[in-house]
Amino acid sequence: MATTLTSPSQARGPEGAADTLAKPKGRNPMAPHPALWLFPIPALVLYIAFFVIPTIQGVVYAVTDWDGFSPTAQFVGLDNFTTILTSDDLFRNALSNNIKFMLVVVIFQTIFSLALGVYLTKNTKASVALRSLYFFPTILSSVSVAFIWKFVYDPNFGLINTVLGAVGLDRFQSAFLGNDNQAIYWVAITQVWFHVGQMMIIYVAGLQQIPQELYESAEIDGAGRWQQFRYVTLPMVAPATAIVMAYTTVQSFKAFDLILGLGGNPPKGSLDILSTRIYAGFANSQFGYAAAESLIFMALIAAITWLQRRAVKASNPDA
Amino acid sequence: MTYQLTRRVVLGIYAVLVIVPLVVVIFGSLKTSQDLFASPFALPTNWQLDNYSKIVGESGLGVAFRNSVIVTGCSVPLTLFIASLASYGIARIPGWKSGLLLGFIVLGMAVPAQANMIPQYVQFETFGLTDSLLGLILINIVVTLPIAVFIMTGFLKTLPKELFEAAAVDGSGPWRTYRSIVIPVSVPSLSATAIFLFVIHWNDLLYPLLFIQDAAKRTIPVALLSFQGEFLTDYPLLFTGVVVASAPIVIAYVFLQRYFVAGITAGAVKG
């Protein structure tokens, strides 16, 4: 072992010889130790065995009609994909719900978290306290958040309808989740409540890095508050916006727990999104079909993330 | 002037929107259903802990709580250990090979859980790891390894190279350097990552839902979700479940707030 370890530094020839720091032992201590290669091995073994291989296995299932327990499965080629993309109304419904959900969450979560971040940029005592408060919901489990909001939205005893009734605004009372046209939007609002504080923290980090001089010179130039926000804050905080939007988008596709908590398991059609649809396929022993749905789901997330990244790059070359 | 006014109003309204539901839940867990429906915002008229004794005993939340403690108690330190080993190796391996290794592992962050859960289920069932807490520990480690490695490698790469070189000159091998240099200097990064993992592992619903059929092996989020059917309109009991399920994380948040914010934000930024 010792001889093989000496060879690299010897092979260096004159340079190695000139290296006065080289220990007489032979191996150059400045060079990374070969045993460093052993350190990633446990992680790699677990990752390859239980993550990479199943992911590849998923592609194999996707071209079969496997039900999850039969010893054999029929190879069906791209049939699953064709069915999903052309004639599966349940999938289309879930996709459309997912897109509605994503749009509402991304728009509102980005705007609210930016507004809160701008208001709480300074590290005053009050700001720090409010930040901790707003961040708080993020640490709860989705199921807990779902149960809290189940009561907020309860048509008979819920908080919103109680308050509306008490102030005489009964006509705005709603069935909320019971109303199929609106249900997904109410879940989206819950999602915003759940995670806006987390995104606010990302904005605060970005906002605190904006040099104060920019605002001072803008003020000298006669820019009002709105103009300062429009021409200083917004462009300077674009990298944070990119992160917030990308994260929120991915999060909105993964909103599995919240949907199950608010909509039941399995959720009704008006609350079905892609991840719950895939889970339903799994629960109904359509493993091959659900695996194909998973691949489409993954491709969709990848495409949206890629498009967003391009859009942010195009709008802000420095980001 | 109007700016300050708007700011106060917005911040005030949002504070109310966060606090009120939480207060209603805590008070609600101490009320009867009638009391809750009659005056949801009021303090409980007669404080009663029946819901708590009921939920821990009859509903099996006590067992679920124990299971969650076992699973999270094992999976968080193990993930940290395996990920920190890998991160140290990756951060110190020279040249493109390090980037390749990191890229390969981090690619896992782009694969949503719902995309490979089905083959994972099949695999775990084959190995007899469904309906087992060990299986949950393993899957927690596997799915959070990529992000943990990403966060920690990022941190270790910011350390000066001289730190490692000095150790090597003093005759410290990589294992000793890992134990006596990497771990001590990484405490802030490890703590933030630990909190991040704690929140994910403790709150995870998907994998226990997928892997666990046996009620005795349920973790907290699954047990909580199952109340939905069992106690359909019994909100005080649901709220009690929420309070019990959230208690460990809330207590940790009160004391380790800084790490929560750092950890969850690092996870978001890098995820």
# chains A, B, ... in the order shown; residues from 1 in each chain; ligands from 1
>>> interface_residues(of="chain B", to="chain A", cutoff="6 Å", atoms="only C-alpha atoms", output="PyMOL selection string")
chain B and resi 37+82+85-86+89+115-116+119-120+142+165+168-169+203+242
>>> residues_around(residues="Lys31 (chain B)", least_positions_apart="2", cutoff="10 Å", atoms="only C-alpha atoms", output="number ranges by chain")
B: 25-29, 33-37, 40, 43-51, 235-237, 239-240
>>> write_last_selection(atoms="C-alpha atoms", output="PDB file, in the first residue's frame")
ATOM      1  CA  VAL B  25     -56.982  25.208  17.973  1.00  0.00           C
ATOM      2  CA  ILE B  26     -55.283  25.355  21.374  1.00  0.00           C
ATOM      3  CA  PHE B  27     -58.412  26.568  23.180  1.00  0.00           C
ATOM      4  CA  GLY B  28     -60.516  24.179  21.125  1.00  0.00           C
ATOM      5  CA  SER B  29     -58.542  21.197  22.322  1.00  0.00           C
ATOM      6  CA  SER B  33     -67.739  20.395  20.623  1.00  0.00           C
ATOM      7  CA  GLN B  34     -70.757  22.401  21.770  1.00  0.00           C
ATOM      8  CA  ASP B  35     -68.563  24.901  23.529  1.00  0.00           C
ATOM      9  CA  LEU B  36     -66.308  25.213  20.456  1.00  0.00           C
ATOM     10  CA  PHE B  37     -69.187  25.751  18.032  1.00  0.00           C
ATOM     11  CA  PRO B  40     -64.913  29.374  18.909  1.00  0.00           C
ATOM     12  CA  LEU B  43     -61.499  30.856  26.400  1.00  0.00           C
ATOM     13  CA  PRO B  44     -62.808  27.416  27.373  1.00  0.00           C
ATOM     14  CA  THR B  45     -65.632  27.818  29.923  1.00  0.00           C
ATOM     15  CA  ASN B  46     -64.663  24.720  31.835  1.00  0.00           C
ATOM     16  CA  TRP B  47     -61.167  23.604  31.075  1.00  0.00           C
ATOM     17  CA  GLN B  48     -61.164  19.909  30.443  1.00  0.00           C
ATOM     18  CA  LEU B  49     -58.324  17.604  29.589  1.00  0.00           C
ATOM     19  CA  ASP B  50     -60.592  14.712  28.564  1.00  0.00           C
ATOM     20  CA  ASN B  51     -59.577  15.084  24.934  1.00  0.00           C
ATOM     21  CA  TYR B 235     -63.036  19.060  16.068  1.00  0.00           C
ATOM     22  CA  PRO B 236     -61.838  19.312  19.684  1.00  0.00           C
ATOM     23  CA  LEU B 237     -60.350  15.851  19.335  1.00  0.00           C
ATOM     24  CA  PHE B 239     -57.297  19.828  17.553  1.00  0.00           C
ATOM     25  CA  THR B 240     -55.927  17.822  20.448  1.00  0.00           C
TER      26      THR B 240
END
>>> atom_distance(atom1="CA of Leu177 (chain A)", atom2="CA of Pro266 (chain A)")
14.7 Å
>>> atom_distance(atom1="CA of Ser186 (chain B)", atom2="CA of Thr144 (chain B)")
18.5 Å
>>> atom_distance(atom1="CA of Ile184 (chain A)", atom2="CA of Ser87 (chain A)")
22.9 Å
